[in-house]
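> Have a peek at run27.txt (compact mmCIF, C-alpha atoms).
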```txt
# COMPACT_ATOMS: atom_id res chain seq x y z
CA MET O 1 0.00 0.00 0.00
CA ILE O 2 1.33 3.45 -0.92
CA THR O 3 0.15 6.79 0.42
CA VAL O 4 -0.37 9.65 -2.02
CA LEU O 5 -0.58 13.16 -0.59
CA TYR O 6 -1.87 16.29 -2.30
CA PHE O 7 -0.91 19.70 -0.91
CA ALA O 8 -2.10 23.30 -1.21
CA SER O 9 -3.97 24.11 -4.43
CA LEU O 10 -3.63 20.51 -5.64
CA ARG O 11 -5.57 19.32 -2.61
CA GLU O 12 -8.29 21.85 -3.37
CA GLN O 13 -8.49 20.90 -7.05
CA ILE O 14 -8.54 17.15 -6.41
CA GLY O 15 -10.85 17.43 -3.43
CA ARG O 16 -8.86 15.32 -1.02
CA ALA O 17 -5.66 15.58 0.99
CA SER O 18 -4.55 11.98 0.62
CA GLU O 19 -5.36 8.49 -0.49
CA GLN O 20 -3.97 5.04 0.06
CA MET O 21 -3.79 2.53 -2.74
CA GLU O 22 -2.09 -0.60 -3.85
CA CYS O 23 0.78 0.35 -6.11
CA PRO O 24 -0.76 -0.04 -9.57
CA GLU O 25 0.58 -2.83 -11.76
CA GLY O 26 3.42 -1.61 -13.98
CA VAL O 27 4.00 1.54 -11.91
CA THR O 28 7.57 1.62 -10.64
CA ASN O 29 8.40 5.33 -10.32
CA ILE O 30 6.82 8.68 -9.55
CA GLY O 31 6.43 9.64 -13.21
CA GLU O 32 4.50 6.46 -13.94
CA LEU O 33 2.33 7.03 -10.86
CA ARG O 34 1.55 10.55 -12.04
CA ALA O 35 0.59 9.22 -15.50
CA TYR O 36 -1.61 6.57 -13.85
CA LEU O 37 -3.40 9.22 -11.80
CA VAL O 38 -3.87 11.47 -14.87
CA ALA O 39 -5.42 8.52 -16.73
CA ARG O 40 -8.17 8.38 -14.07
CA GLY O 41 -9.70 11.46 -15.64
CA LEU O 42 -10.97 14.58 -13.92
CA PRO O 43 -9.86 16.10 -11.59
CA TRP O 44 -6.45 14.37 -11.74
CA SER O 45 -6.06 14.90 -15.49
CA GLN O 46 -6.25 18.69 -15.11
CA THR O 47 -4.30 18.93 -11.88
CA LEU O 48 -1.41 16.54 -12.59
CA ASP O 49 -1.16 16.81 -16.39
CA ALA O 50 2.41 16.69 -17.71
CA ASP O 51 2.10 20.34 -18.82
CA VAL O 52 1.44 21.46 -15.24
CA LEU O 53 4.46 22.19 -13.06
CA VAL O 54 4.14 19.97 -10.00
CA MET O 55 6.81 19.16 -7.44
CA THR O 56 7.11 15.71 -5.88
CA SER O 57 8.59 14.13 -2.82
CA LEU O 58 9.21 10.54 -1.84
CA ASN O 59 9.15 9.74 1.86
CA GLN O 60 9.46 13.46 2.67
CA SER O 61 12.50 14.11 0.45
CA MET O 62 12.35 15.94 -2.87
CA ALA O 63 12.28 13.44 -5.71
CA ALA O 64 12.43 13.36 -9.51
CA ALA O 65 9.91 11.62 -11.73
CA SER O 66 12.38 8.76 -12.14
CA ALA O 67 12.50 8.00 -8.38
CA GLN O 68 11.57 4.39 -7.75
CA ILE O 69 8.59 3.71 -5.49
CA ASN O 70 7.95 0.70 -3.30
CA GLU O 71 5.16 -0.59 -1.12
CA SER O 72 4.60 1.56 2.00
CA ASP O 73 6.17 4.67 0.38
CA GLU O 74 4.66 8.11 0.76
CA ILE O 75 4.50 10.17 -2.44
CA ALA O 76 3.51 13.83 -2.24
CA PHE O 77 2.48 16.17 -5.05
CA PHE O 78 2.54 19.93 -4.46
CA PRO O 79 2.76 23.17 -6.41
CA PRO O 80 6.07 25.02 -6.70
CA VAL O 81 6.77 27.22 -3.73
CA THR O 82 8.23 30.69 -4.01
CA GLY O 83 10.06 32.50 -1.28
CA GLY O 84 10.47 36.14 -0.57
```
Please lay out the structure from this file as structure tokens.

Amino acid sequence: MITVLYFASLREQIGRASEQMECPEGVTNIGELRAYLVARGLPWSQTLDADVLVMTSLNQSMAAASAQINESDEIAFFPPVTGG
């Protein structure tokens, strides 16, 4: 079971803060998970589309789309953050 977290505006657009799911068959990294979620349709397809800049973390560390995921991992999606 993996935990997927959605933060800030992504949480608002998707309508939930988190979900737990079995790691989908054939999904081995964050990029593939994102594509799987987009394929679900709305609201994921608008929110996580490849054209939308979204940051990701794996087990609370920043991670690239190529980062490998395993059972019991926590994957978070969030919008870019700006500082001032």
> Taking only C-alpha atoms into account, which of O:Ile69, O:Val81, O:Leu42, O:Ala76 comes nearest Val27 of chain O?
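Nearest to Val27 of chain O: O:Ile69.
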> Got a sec to check which residues sit within 10 Å of (10.7, 14.1, -3.4), counting only C-alpha atoms, and write them as a PDB file with C-alpha atoms, in the coordinates of the input?

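This went into selection14.pdb:
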```pdb
ATOM      1  CA  ILE O  30       6.820   8.680  -9.550  1.00  0.00           C
ATOM      2  CA  MET O  55       6.810  19.160  -7.440  1.00  0.00           C
ATOM      3  CA  THR O  56       7.110  15.710  -5.880  1.00  0.00           C
ATOM      4  CA  SER O  57       8.590  14.130  -2.820  1.00  0.00           C
ATOM      5  CA  LEU O  58       9.210  10.540  -1.840  1.00  0.00           C
ATOM      6  CA  ASN O  59       9.150   9.740   1.860  1.00  0.00           C
ATOM      7  CA  GLN O  60       9.460  13.460   2.670  1.00  0.00           C
ATOM      8  CA  SER O  61      12.500  14.110   0.450  1.00  0.00           C
ATOM      9  CA  MET O  62      12.350  15.940  -2.870  1.00  0.00           C
ATOM     10  CA  ALA O  63      12.280  13.440  -5.710  1.00  0.00           C
ATOM     11  CA  ALA O  64      12.430  13.360  -9.510  1.00  0.00           C
ATOM     12  CA  ALA O  65       9.910  11.620 -11.730  1.00  0.00           C
ATOM     13  CA  ALA O  67      12.500   8.000  -8.380  1.00  0.00           C
ATOM     14  CA  GLU O  74       4.660   8.110   0.760  1.00  0.00           C
ATOM     15  CA  ILE O  75       4.500  10.170  -2.440  1.00  0.00           C
ATOM     16  CA  ALA O  76       3.510  13.830  -2.240  1.00  0.00           C
ATOM     17  CA  PHE O  77       2.480  16.170  -5.050  1.00  0.00           C
TER      18      PHE O  77
END
```
> Using all atoms listed in the file, which residue out of O:Leu10, O:Glu71, O:Glu32, O:Glu22 lies closest to Val52 of chain O?
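Among the listed residues, the smallest separation from Val52 of chain O belongs to O:Leu10.
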> Identify which of the residues O:Ser45, O:Arg40, O:Asp73, O:Asp51 lies closest to Cys23 of chain O, counting all atoms listed in the file when measuring atom-to-atom distances.
O:Asp73
> Hey, can you check how far atom CA of Leu53 of chain O sits from atom CA of Glu25 of chain O?
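Here the two named atoms are 25.4 Å from each other.
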> Would you list the contacts of Ala8 of chain O as a list in words, taking every protein, DNA or RNA residue within 8 Å and counting all atoms listed in the file, but skipping same-chain residues closer than 2 positions in sequence?
Tyr6, Leu10, Arg11, Glu12, Phe78 and Pro79 of chain O
> Can you work out which one of O:Val4, O:Ala17, O:Ser72, O:Val54 has the shortest atom-to-atom distance to Leu37 of chain O, counting only C-alpha atoms?
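So, comparing all the options, the nearest one is O:Val4.
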